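Dropping upload_16.txt in here (compact mmCIF, C-alpha atoms):
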```txt
# COMPACT_ATOMS: atom_id res chain seq x y z
CA MET A 1 89.36 108.16 104.42
CA LEU A 2 87.89 111.34 103.04
CA ASP A 3 90.09 113.91 101.31
CA PRO A 4 90.76 116.74 103.84
CA LYS A 5 90.30 119.23 100.99
CA PHE A 6 86.88 117.70 100.23
CA ILE A 7 85.86 118.05 103.90
CA ARG A 8 87.18 121.62 104.00
CA GLU A 9 85.22 122.63 100.91
CA ASN A 10 82.07 120.59 101.70
CA LEU A 11 81.83 120.84 105.47
CA ASP A 12 78.02 121.08 105.60
CA LEU A 13 77.65 118.10 103.24
CA VAL A 14 79.95 115.95 105.40
CA LYS A 15 78.13 117.04 108.58
CA THR A 16 74.79 116.07 107.00
CA ALA A 17 76.23 112.72 105.88
CA ILE A 18 77.41 111.97 109.43
CA LYS A 19 74.01 112.99 110.84
CA ASN A 20 72.17 110.80 108.31
CA ARG A 21 74.29 107.85 109.37
CA GLY A 22 73.10 108.34 112.95
CA ILE A 23 76.65 109.02 114.17
CA LYS A 24 77.56 111.65 116.74
CA LEU A 25 80.81 113.21 115.57
CA ASP A 26 81.87 116.83 115.98
CA LEU A 27 84.00 118.13 113.11
CA GLY A 28 84.93 121.26 115.05
CA GLU A 29 88.24 119.77 116.23
CA PHE A 30 89.11 118.73 112.68
CA SER A 31 88.43 122.26 111.35
CA ALA A 32 90.50 123.86 114.12
CA LEU A 33 93.46 121.51 113.69
CA ASP A 34 93.24 121.74 109.89
CA LYS A 35 93.43 125.56 110.05
CA GLN A 36 96.32 125.37 112.51
CA LYS A 37 98.17 122.93 110.24
CA LYS A 38 97.60 125.18 107.21
CA LYS A 39 98.98 128.16 109.16
CA VAL A 40 102.10 126.17 110.17
CA GLN A 41 102.61 125.05 106.56
CA LEU A 42 102.46 128.66 105.31
CA GLU A 43 104.98 129.75 107.96
CA LEU A 44 107.25 126.87 106.96
CA GLU A 45 107.07 127.85 103.30
CA GLU A 46 108.15 131.39 104.16
CA LEU A 47 110.97 130.25 106.46
CA ARG A 48 112.27 127.77 103.88
CA ARG A 49 112.26 130.58 101.34
CA GLN A 50 114.29 132.69 103.78
CA LYS A 51 116.70 129.80 104.40
CA ASN A 52 117.24 129.25 100.67
CA SER A 53 117.83 132.99 100.21
CA ALA A 54 120.34 133.01 103.09
CA ASN A 55 122.13 130.00 101.58
CA ASP A 56 122.48 131.83 98.29
CA ASP A 57 123.79 134.96 100.07
CA ILE A 58 126.31 132.96 102.12
CA THR A 59 127.59 131.15 99.03
CA LYS A 60 127.99 134.48 97.26
CA LEU A 61 129.78 136.13 100.24
CA LEU A 62 132.17 133.22 100.64
CA LYS A 63 132.89 133.21 96.92
CA GLU A 64 133.73 136.91 97.12
CA LYS A 65 135.84 136.21 100.24
CA LYS A 66 133.62 138.47 102.37
CA ASP A 67 132.49 138.01 105.99
CA ALA A 68 129.43 135.73 106.07
CA LYS A 69 129.21 135.23 109.88
CA LYS A 70 126.19 137.50 110.39
CA ARG A 71 124.25 135.81 107.56
CA ILE A 72 125.22 132.34 108.86
CA LYS A 73 123.96 133.26 112.32
CA GLU A 74 120.68 134.53 110.85
CA MET A 75 120.31 131.31 108.85
CA LYS A 76 120.84 129.17 111.98
CA VAL A 77 118.01 131.03 113.74
CA VAL A 78 115.73 130.37 110.75
CA ALA A 79 116.79 126.70 110.65
CA GLU A 80 115.91 126.30 114.36
CA LYS A 81 112.48 127.81 113.72
CA ILE A 82 112.00 125.40 110.80
CA ASP A 83 112.91 122.41 113.00
CA GLY A 84 110.37 123.49 115.61
CA LEU A 85 107.61 124.05 113.07
CA GLU A 86 108.32 120.75 111.27
CA ALA A 87 107.90 118.92 114.59
CA GLN A 88 104.66 120.83 115.15
CA GLU A 89 103.48 119.99 111.63
CA LYS A 90 104.13 116.25 112.21
CA GLU A 91 102.24 116.36 115.50
CA LEU A 92 99.28 118.13 113.88
CA ASP A 93 99.37 115.71 110.95
CA VAL A 94 99.01 112.74 113.34
CA LYS A 95 96.11 114.43 115.15
CA VAL A 96 94.32 115.27 111.88
CA LYS A 97 94.81 111.73 110.54
CA ASN A 98 93.44 110.22 113.75
CA ILE A 99 90.27 112.27 113.27
CA LEU A 100 90.09 111.43 109.55
CA PHE A 101 90.31 107.70 110.35
CA ASN A 102 87.11 108.07 112.38
CA ILE A 103 85.09 110.03 109.82
CA PRO A 104 82.84 107.67 107.79
CA ASN A 105 82.39 107.73 104.03
CA VAL A 106 79.75 110.00 102.50
CA PRO A 107 76.66 107.98 101.48
CA HIS A 108 75.75 108.11 97.80
CA GLU A 109 72.86 110.43 97.00
CA SER A 110 70.75 107.55 95.60
CA ILE A 111 70.37 105.63 98.86
CA PRO A 112 67.49 106.10 101.36
CA VAL A 113 68.01 108.31 104.40
CA GLY A 114 67.23 106.77 107.78
CA ASP A 115 67.83 103.64 109.85
CA ALA A 116 67.54 99.98 108.80
CA SER A 117 63.75 100.26 108.60
CA ASN A 118 64.29 102.51 105.55
CA ASN A 119 66.23 99.88 103.59
CA LYS A 120 64.68 99.48 100.15
CA VAL A 121 63.96 96.14 98.47
CA VAL A 122 64.94 96.82 94.85
CA ARG A 123 64.08 93.35 93.47
CA SER A 124 63.29 89.78 94.41
CA TRP A 125 64.02 86.48 92.69
CA GLY A 126 62.47 83.05 93.01
CA LYS A 127 59.42 81.81 94.86
CA ALA A 128 59.32 80.54 98.41
CA ARG A 129 58.76 76.80 98.45
CA GLU A 130 55.42 75.52 99.70
CA PHE A 131 55.75 72.47 101.94
CA ASP A 132 53.16 69.73 102.47
CA PHE A 133 54.77 69.03 105.85
CA ALA A 134 55.98 71.15 108.77
CA ALA A 135 59.31 72.64 107.68
CA LYS A 136 62.13 72.13 110.18
CA ASN A 137 65.00 74.50 110.87
CA HIS A 138 68.57 73.69 109.87
CA VAL A 139 69.68 72.76 113.39
CA GLU A 140 67.08 69.99 113.69
CA ILE A 141 67.84 68.69 110.20
CA CYS A 142 71.62 68.74 110.57
CA GLU A 143 71.57 67.07 113.98
CA ARG A 144 69.31 64.30 112.68
CA LEU A 145 71.59 63.76 109.65
CA ASP A 146 74.70 63.99 111.88
CA ILE A 147 76.37 66.51 109.54
CA MET A 148 76.87 69.33 112.08
CA ASP A 149 77.91 69.12 115.73
CA LEU A 150 77.64 72.32 117.79
CA PRO A 151 78.27 70.76 121.26
CA ARG A 152 81.59 69.24 120.15
CA ALA A 153 82.59 72.51 118.46
CA ALA A 154 81.90 74.25 121.78
CA LYS A 155 84.02 71.62 123.57
CA ILE A 156 86.90 72.11 121.13
CA THR A 157 86.78 75.90 121.02
CA GLY A 158 83.76 77.62 122.58
CA SER A 159 80.22 78.73 121.84
CA ASN A 160 79.25 79.95 118.37
CA PHE A 161 81.76 77.78 116.54
CA VAL A 162 80.78 74.96 114.18
CA LEU A 163 81.99 71.43 113.51
CA PHE A 164 80.79 70.06 110.16
CA LYS A 165 80.96 66.33 109.56
CA GLY A 166 80.59 63.99 106.59
CA ASP A 167 78.33 65.44 103.92
CA GLY A 168 78.07 68.66 105.93
CA ALA A 169 81.81 69.20 105.49
CA LYS A 170 81.53 68.15 101.85
CA LEU A 171 78.72 70.67 101.30
CA GLN A 172 81.01 73.44 102.55
CA ARG A 173 83.80 72.35 100.21
CA ALA A 174 81.43 71.92 97.26
CA LEU A 175 80.01 75.42 97.71
CA ILE A 176 83.48 76.98 97.86
CA ASP A 177 84.62 75.14 94.71
CA PHE A 178 81.38 75.94 92.88
CA MET A 179 81.62 79.67 93.62
CA LEU A 180 85.31 79.97 92.77
CA ASP A 181 84.77 78.05 89.53
CA LEU A 182 81.84 80.32 88.58
CA HIS A 183 83.61 83.60 89.35
CA THR A 184 86.86 82.66 87.64
CA ALA A 185 85.49 80.84 84.57
CA LYS A 186 82.45 83.01 83.82
CA HIS A 187 82.75 86.35 85.62
CA GLY A 188 86.41 87.09 84.87
CA TYR A 189 87.90 87.20 88.39
CA ARG A 190 91.43 86.04 89.13
CA GLU A 191 91.67 83.61 92.03
CA ILE A 192 93.75 84.59 95.05
CA TRP A 193 94.73 82.50 98.08
CA PRO A 194 95.70 85.14 100.66
CA PRO A 195 97.13 84.89 104.20
CA ALA A 196 94.59 84.44 107.00
CA LEU A 197 96.55 86.83 109.23
CA VAL A 198 96.96 90.53 108.42
CA ASN A 199 98.81 93.41 110.04
CA ARG A 200 97.40 96.60 111.53
CA GLN A 201 98.21 98.63 108.44
CA SER A 202 96.13 96.29 106.29
CA MET A 203 93.17 96.45 108.68
CA THR A 204 93.42 100.24 108.78
CA GLY A 205 93.62 100.44 104.99
CA THR A 206 90.23 98.80 104.47
CA GLY A 207 88.56 100.62 107.38
CA GLN A 208 88.17 97.90 110.03
CA LEU A 209 90.56 99.80 112.30
CA PRO A 210 90.39 101.78 114.44
CA LYS A 211 86.58 101.73 114.41
CA LEU A 212 85.91 97.97 114.78
CA GLU A 213 88.92 96.70 116.71
CA GLU A 214 86.82 95.16 119.51
CA ASP A 215 85.08 92.95 116.92
CA MET A 216 88.36 91.47 115.67
CA TYR A 217 90.46 88.53 116.82
CA LYS A 218 93.97 89.79 117.60
CA LEU A 219 97.11 87.80 118.37
CA LYS A 220 98.45 88.28 121.88
CA ASP A 221 102.16 88.51 121.11
CA GLU A 222 102.11 90.11 117.66
CA ASP A 223 100.17 93.01 116.16
CA LEU A 224 98.37 90.69 113.75
CA PHE A 225 94.67 89.97 113.24
CA LEU A 226 92.72 86.98 111.93
CA VAL A 227 90.96 88.11 108.77
CA PRO A 228 87.32 89.18 109.26
CA THR A 229 86.90 88.85 105.48
CA ALA A 230 89.14 88.29 102.45
CA GLU A 231 88.41 91.92 101.55
CA VAL A 232 91.27 92.91 103.89
CA PRO A 233 94.22 90.92 102.48
CA VAL A 234 93.01 91.09 98.87
CA THR A 235 92.46 94.88 98.84
CA ASN A 236 95.87 95.36 100.44
CA ILE A 237 97.58 93.47 97.61
CA HIS A 238 97.87 96.87 95.93
CA ARG A 239 98.51 99.02 99.01
CA ASP A 240 101.03 101.76 98.14
CA ASP A 241 100.97 100.67 94.47
CA VAL A 242 100.67 102.88 91.41
CA LEU A 243 98.71 100.92 88.81
CA GLU A 244 98.65 101.71 85.12
CA GLU A 245 95.31 102.86 83.70
CA ASP A 246 95.34 100.09 81.08
CA SER A 247 95.49 97.45 83.84
CA LEU A 248 92.08 98.53 85.20
CA PRO A 249 89.64 97.13 86.03
CA ILE A 250 91.20 94.42 88.18
CA TYR A 251 88.93 91.66 89.53
CA TYR A 252 90.01 89.24 92.27
CA THR A 253 88.14 86.44 94.03
CA ALA A 254 89.32 84.62 97.13
CA TYR A 255 88.14 82.05 99.62
CA THR A 256 89.09 82.47 103.27
CA PRO A 257 87.76 81.43 106.63
CA CYS A 258 86.53 84.61 108.35
CA PHE A 259 86.80 85.39 112.06
CA ARG A 260 84.65 87.88 113.96
CA ARG A 261 84.14 88.20 117.68
CA GLU A 262 80.64 89.64 117.17
CA ALA A 263 81.22 91.69 120.30
CA GLY A 264 77.96 93.58 119.87
CA SER A 265 75.76 90.55 119.17
CA TYR A 266 74.56 89.93 122.75
CA GLY A 267 70.81 89.33 122.69
CA LYS A 268 70.67 88.81 118.91
CA ASP A 269 69.59 85.56 117.24
CA THR A 270 72.52 83.16 117.60
CA LYS A 271 70.66 79.91 116.85
CA GLY A 272 72.72 77.33 114.95
CA LEU A 273 74.63 78.92 112.07
CA MET A 274 72.95 82.31 112.36
CA ARG A 275 75.80 84.17 114.06
CA VAL A 276 79.06 82.27 114.32
CA HIS A 277 82.57 83.45 115.12
CA GLN A 278 84.19 81.54 112.25
CA PHE A 279 82.60 81.11 108.83
CA ASP A 280 83.68 80.52 105.24
CA LYS A 281 83.25 83.06 102.48
CA VAL A 282 84.17 83.60 98.85
CA GLU A 283 84.91 87.28 98.33
CA LEU A 284 84.88 89.45 95.19
CA VAL A 285 87.14 92.51 95.05
CA LYS A 286 87.43 95.14 92.31
CA PHE A 287 89.87 97.97 91.57
CA VAL A 288 88.34 100.31 88.99
CA LYS A 289 88.50 103.81 87.54
CA PRO A 290 86.22 106.32 89.29
CA GLN A 291 84.03 107.08 86.25
CA GLY A 292 82.39 103.66 86.09
CA SER A 293 82.50 102.49 89.69
CA PHE A 294 78.75 102.52 90.31
CA ASP A 295 78.14 100.54 87.11
CA GLU A 296 80.77 98.11 88.40
CA LEU A 297 78.78 97.84 91.65
CA GLU A 298 75.68 96.72 89.73
CA LYS A 299 77.77 94.08 87.90
CA LEU A 300 79.24 92.92 91.21
CA VAL A 301 75.76 92.45 92.65
CA ALA A 302 74.71 90.51 89.54
CA ASP A 303 77.73 88.19 89.94
CA ALA A 304 76.73 87.42 93.53
CA GLU A 305 73.07 87.01 92.53
CA GLU A 306 73.97 84.37 89.96
CA VAL A 307 75.32 82.16 92.74
CA LEU A 308 71.92 82.20 94.44
CA GLN A 309 70.06 81.76 91.15
CA LEU A 310 72.11 78.69 90.21
CA LEU A 311 71.49 77.29 93.70
CA ASN A 312 67.79 78.05 93.08
CA LEU A 313 67.39 79.89 96.38
CA PRO A 314 64.70 82.58 96.68
CA TYR A 315 66.32 85.90 97.57
CA ARG A 316 65.84 89.64 97.59
CA VAL A 317 68.19 92.58 97.03
CA ASN A 318 68.13 95.39 99.58
CA MET A 319 69.62 98.84 99.04
CA LEU A 320 70.88 99.87 102.48
CA SER A 321 69.88 103.18 104.02
CA THR A 322 72.34 105.73 105.38
CA GLY A 323 71.93 104.46 108.94
CA ASP A 324 72.57 100.81 108.03
CA LEU A 325 75.59 101.46 105.82
CA SER A 326 79.02 100.20 106.86
CA PHE A 327 81.60 102.76 107.96
CA ALA A 328 83.63 102.69 104.73
CA ALA A 329 80.88 102.19 102.13
CA SER A 330 79.31 104.86 99.94
CA LYS A 331 76.59 102.53 98.62
CA CYS A 332 75.73 98.96 99.51
CA TYR A 333 73.32 96.23 98.51
CA ASP A 334 72.57 93.25 100.76
CA LEU A 335 71.42 89.95 99.26
CA GLU A 336 69.09 88.05 101.57
CA ALA A 337 68.15 84.41 101.01
CA TYR A 338 64.91 83.05 102.46
CA ALA A 339 65.12 80.30 105.08
CA PRO A 340 61.69 78.64 105.47
CA GLY A 341 62.52 76.66 108.62
CA LEU A 342 63.42 79.83 110.49
CA ASP A 343 60.95 81.89 108.41
CA LYS A 344 63.62 84.58 108.04
CA TRP A 345 65.44 86.48 105.31
CA LEU A 346 69.16 85.95 105.91
CA GLU A 347 71.93 88.24 104.68
CA VAL A 348 74.29 86.09 102.58
CA SER A 349 76.09 88.84 100.67
CA SER A 350 76.93 92.49 101.09
CA CYS A 351 78.18 94.33 97.98
CA SER A 352 79.69 97.78 98.41
CA ASN A 353 81.32 100.62 96.50
CA PHE A 354 83.80 102.46 98.70
CA CYS A 355 84.73 105.01 96.01
CA ASP A 356 88.23 106.29 96.90
CA PHE A 357 87.71 105.92 100.69
CA GLN A 358 89.79 102.75 101.08
CA ALA A 359 92.22 103.75 98.33
CA ARG A 360 93.17 106.93 100.24
CA ARG A 361 93.74 104.98 103.43
CA ALA A 362 95.76 102.29 101.62
CA ASN A 363 97.37 104.70 99.11
CA ILE A 364 96.24 102.81 95.99
CA ARG A 365 96.54 104.98 92.87
CA TYR A 366 96.67 104.66 89.12
CA ARG A 367 98.56 106.65 86.49
CA GLY A 368 96.26 108.02 83.81
CA LYS A 369 97.18 108.46 80.17
CA ASP A 370 97.79 112.12 81.04
CA LYS A 371 100.46 110.86 83.52
CA LYS A 372 98.51 112.26 86.48
CA LEU A 373 98.04 110.06 89.56
CA ASN A 374 94.50 109.37 90.75
CA TYR A 375 93.04 107.18 93.48
CA VAL A 376 91.28 104.03 92.27
CA HIS A 377 87.78 103.13 93.44
CA THR A 378 87.54 99.85 95.35
CA LEU A 379 84.52 97.55 95.57
CA ASN A 380 83.88 94.24 97.22
CA GLY A 381 81.12 91.80 97.90
CA SER A 382 80.47 88.34 99.24
CA GLY A 383 80.17 85.91 96.44
CA VAL A 384 78.74 84.47 98.79
CA ALA A 385 79.06 83.79 102.55
CA LEU A 386 78.55 80.15 103.45
CA ALA A 387 77.15 79.92 106.96
CA ARG A 388 73.77 81.42 106.14
CA THR A 389 73.77 80.10 102.57
CA VAL A 390 74.08 76.61 104.09
CA ILE A 391 71.05 77.40 106.29
CA ALA A 392 69.07 78.42 103.19
CA ILE A 393 70.09 75.27 101.27
CA ILE A 394 69.33 72.87 104.13
CA GLU A 395 65.95 74.44 104.86
CA ASN A 396 64.81 74.98 101.25
CA TYR A 397 65.91 71.52 100.05
CA GLN A 398 64.62 69.47 103.01
CA ASN A 399 62.35 66.48 102.43
CA SER A 400 59.58 65.05 104.60
CA ASP A 401 61.74 62.01 105.42
CA GLY A 402 64.46 64.23 106.91
CA THR A 403 66.84 63.97 103.94
CA VAL A 404 68.11 67.01 102.02
CA GLU A 405 68.26 67.27 98.24
CA ILE A 406 71.62 68.42 96.88
CA PRO A 407 71.25 71.44 94.53
CA GLN A 408 71.76 70.40 90.91
CA VAL A 409 74.87 72.60 90.41
CA LEU A 410 76.60 70.98 93.41
CA ARG A 411 76.04 67.35 92.49
CA ARG A 412 79.20 67.06 90.40
CA TYR A 413 81.16 67.87 93.58
CA PHE A 414 79.33 64.99 95.29
CA ASP A 415 80.19 62.49 92.53
CA GLY A 416 76.62 62.65 91.26
CA LYS A 417 75.01 62.02 94.66
CA THR A 418 71.52 63.60 94.75
CA ARG A 419 70.69 63.83 98.44
CA ILE A 420 72.15 63.96 101.94
CA GLY A 421 70.67 61.36 104.29
```

Please express the file's structure as structure tokens.
Amino acid sequence: MLDPKFIRENLDLVKTAIKNRGIKLDLGEFSALDKQKKKVQLELEELRRQKNSANDDITKLLKEKKDAKKRIKEMKVVAEKIDGLEAQEKELDVKVKNILFNIPNVPHESIPVGDASNNKVVRSWGKAREFDFAAKNHVEICERLDIMDLPRAAKITGSNFVLFKGDGAKLQRALIDFMLDLHTAKHGYREIWPPALVNRQSMTGTGQLPKLEEDMYKLKDEDLFLVPTAEVPVTNIHRDDVLEEDSLPIYYTAYTPCFRREAGSYGKDTKGLMRVHQFDKVELVKFVKPQGSFDELEKLVADAEEVLQLLNLPYRVNMLSTGDLSFAASKCYDLEAYAPGLDKWLEVSSCSNFCDFQARRANIRYRGKDKKLNYVHTLNGSGVALARTVIAIIENYQNSDGTVEIPQVLRRYFDGKTRIG
């Protein structure tokens, strides 16, 4: 959520930011309600001053044993006006907040302006493997090895769910363990095992609600949601907290299954593991001081990159343009691994700096050494997401005989086994 004062003082900047995101949103209603709320607040200040003055006068009159009826009557009239204006202020506050919840974050000045075609590749790593045989896609390979079963997953649940079997299931578990071990032992993150269900306040705090509610899985009888990412429960660990400056930065990592309805994915590539409703992900979350948050973003990206480097998967880093940026992010990098069987670059990580956007929604602050309270900056990124990383591993490590080499860093989780097949 943006600071209303910031919007008030930088209205043209916010309007330009909204336009550059390709969003149609009129700030006229916000400006009108904001002015109305300010007017009510000024009237309330004056009336409260009058009420306090009347209270003092009444106390004095009663002490002097004089008639205070007229002053008491006047004070009651003022009190009634205050009650009416306080109700009006609360109503206006709700209306203003509802608008604020739908205003996206302001994109950082360093990112490209435009739609997804303006995304900028800032660097690449690794070399695409050259095959001396026709490379197969992950669906063909997994079905032949009997490590993934989409028809039975559809029978159990529905389309776009996955059933992993045998070494396919073990590959999932090995990847999760490998990433958590790396991020905790080398990168300095503290491991968290959060709930897989979160309440509406948590989803609103990180920006999924109200904007993306149709994409979420919601319980029928309770106002709870299955987590779309560990970002939601982990960020909300410190909702309504006041942290001490010396405790920052705070780094957390967490594994969770992630659930997304992908309501807007009709017509998009849904082959195999490309776009599933449930997938596994290791998430990285940071709470930092504002001054160094963009440096922290670069470190976050590097932490996610090391996962792909150790897996020896060719990848590229994209800086997202204003039109491709998520609602809450100020700046974001996507990591895309190359899948030779599909001949596609697949997003396996998205690393974002939200500045104080989430912290304002979730009321996460820190007390500086000057005793003043400031909002933290929050960051998160996939470290990394498994569904598409599994695609990249299966397709990059395939052999002509249909077997799949196990990446060197994962072999200790397979008791030294070197290949699947």

### Query
With distances taken over only C-alpha atoms, which of A:Asn363, A:Thr418, A:Thr389, A:Ser202 is nearest to Thr403 of chain A?
A:Thr418

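Separating atom CA of Ala359 of chain A from atom CA of Phe30 of chain A is a distance of 21.0 Å.
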
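In this structure, atom CA of Pro4 of chain A sits 12.2 Å away from atom CA of Asn98 of chain A.
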
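All protein and nucleic acid residues in the vicinity of (76.9, 76.7, 110.3), that is within 6 Å when counting only C-alpha atoms, are A:Val162, A:Leu273, A:Ala387.
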
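Within the 9 Å cut-off around Arg260 of chain A, using only C-alpha atoms and omitting residues fewer than 4 positions from it on the same chain, the listed residues are Asp215, Met216, Tyr217, Leu226, Val227, Pro228, Thr229, Val276, His277, Gln278 and Phe279 of chain A.
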
### Message
So, with all atoms listed in the file as the atoms that count, which of A:Lys127, A:Ile58, A:Ile103, A:Lys95 lies closest to Asp26 of chain A?
### Response
A:Ile103

### Message
Using all atoms listed in the file, which protein or nucleic acid residues come within 12 Å of Lys372 of chain A? Drop anything in the same chain fewer than 4 positions from it, and give the result as a ChimeraX atom specification.
### Response
/A:242-245,365-368

## Note on the structure
Using all atoms listed in the file, the shortest atom-to-atom distance to Glu91 of chain A among A:Val40, A:Met274, A:Leu373, A:Leu224 belongs to A:Val40

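Neighbouring residues of Leu42 of chain A at 12 Å or closer, counting only C-alpha atoms and skipping chain neighbours under 5 positions away, are Lys35, Gln36, Lys37, Leu47, Arg48, Arg49, Ile82, Leu85, Glu86 and Glu89 of chain A.
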
#### Entry: Distance of atom CA of Pro249 of chain A from atom CA of Glu283 of chain A, expressed in Å to one decimal place
16.5 Å

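Those residues positioned at most 12 Å from (74.1, 110.7, 113.0) are Val14, Lys15, Thr16, Ala17, Ile18, Lys19, Asn20, Arg21, Gly22, Ile23, Lys24, Leu25, Asp26, Ile103, Pro104, Val106, Val113, Gly114, Asp115, Thr322, Gly323, Asp324 and Leu325 of chain A, judged using only C-alpha atoms.
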
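With distances restricted to all atoms listed in the file, A:Phe354 is the closest residue to Val285 of chain A from A:Phe354, A:Phe6, A:Phe164, A:Phe259.
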
### Residue nearest Leu182 of chain A among A:Asp303, A:Glu296, A:Glu130, A:Asp67 (counting all atoms listed in the file)
A:Asp303

### Message
With distances taken over only C-alpha atoms, which residue among A:Asp356, A:Asp241, A:Glu9, A:Asp181 lies nearest Asn105 of chain A?
### Response
A:Asp356

Missing atoms in segment 161-181 of chain A: fill them in up to N, CA and C atoms and send the result as a tab-separated table (two decimals), keeping the file's coordinate frame.
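For reference, out_17.tsv as written:
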```
chain	number	residue	atom	x	y	z
A	161	PHE	N	80.90	78.37	117.56
A	161	PHE	CA	81.76	77.78	116.54
A	161	PHE	C	81.08	76.51	116.04
A	162	VAL	N	81.49	76.05	114.85
A	162	VAL	CA	80.78	74.96	114.18
A	162	VAL	C	81.74	73.84	113.81
A	163	LEU	N	81.28	72.60	113.99
A	163	LEU	CA	81.99	71.43	113.51
A	163	LEU	C	81.10	70.76	112.46
A	164	PHE	N	81.52	70.77	111.21
A	164	PHE	CA	80.79	70.06	110.16
A	164	PHE	C	81.38	68.67	109.99
A	165	LYS	N	80.51	67.71	109.68
A	165	LYS	CA	80.96	66.33	109.56
A	165	LYS	C	80.39	65.71	108.28
A	166	GLY	N	81.10	64.76	107.73
A	166	GLY	CA	80.59	63.99	106.59
A	166	GLY	C	80.12	64.87	105.45
A	167	ASP	N	78.86	64.66	105.04
A	167	ASP	CA	78.33	65.44	103.92
A	167	ASP	C	78.15	66.92	104.26
A	168	GLY	N	78.11	67.24	105.54
A	168	GLY	CA	78.07	68.66	105.93
A	168	GLY	C	79.37	69.35	105.57
A	169	ALA	N	80.50	68.67	105.86
A	169	ALA	CA	81.81	69.20	105.49
A	169	ALA	C	81.95	69.24	103.97
A	170	LYS	N	81.43	68.21	103.31
A	170	LYS	CA	81.53	68.15	101.85
A	170	LYS	C	80.70	69.25	101.20
A	171	LEU	N	79.55	69.59	101.81
A	171	LEU	CA	78.72	70.67	101.30
A	171	LEU	C	79.47	71.99	101.35
A	172	GLN	N	80.19	72.22	102.44
A	172	GLN	CA	81.01	73.44	102.55
A	172	GLN	C	82.02	73.50	101.40
A	173	ARG	N	82.74	72.40	101.23
A	173	ARG	CA	83.80	72.35	100.21
A	173	ARG	C	83.21	72.49	98.80
A	174	ALA	N	82.07	71.84	98.59
A	174	ALA	CA	81.43	71.92	97.26
A	174	ALA	C	81.00	73.35	96.94
A	175	LEU	N	80.45	74.04	97.92
A	175	LEU	CA	80.01	75.42	97.71
A	175	LEU	C	81.19	76.33	97.38
A	176	ILE	N	82.29	76.15	98.11
A	176	ILE	CA	83.48	76.98	97.86
A	176	ILE	C	84.00	76.74	96.44
A	177	ASP	N	84.13	75.47	96.05
A	177	ASP	CA	84.62	75.14	94.71
A	177	ASP	C	83.68	75.67	93.64
A	178	PHE	N	82.37	75.48	93.84
A	178	PHE	CA	81.38	75.94	92.88
A	178	PHE	C	81.48	77.45	92.66
A	179	MET	N	81.58	78.21	93.74
A	179	MET	CA	81.62	79.67	93.62
A	179	MET	C	82.92	80.15	92.98
A	180	LEU	N	84.03	79.58	93.38
A	180	LEU	CA	85.31	79.97	92.77
A	180	LEU	C	85.34	79.62	91.28
A	181	ASP	N	84.82	78.45	90.94
A	181	ASP	CA	84.77	78.05	89.53
A	181	ASP	C	83.90	79.02	88.72
```
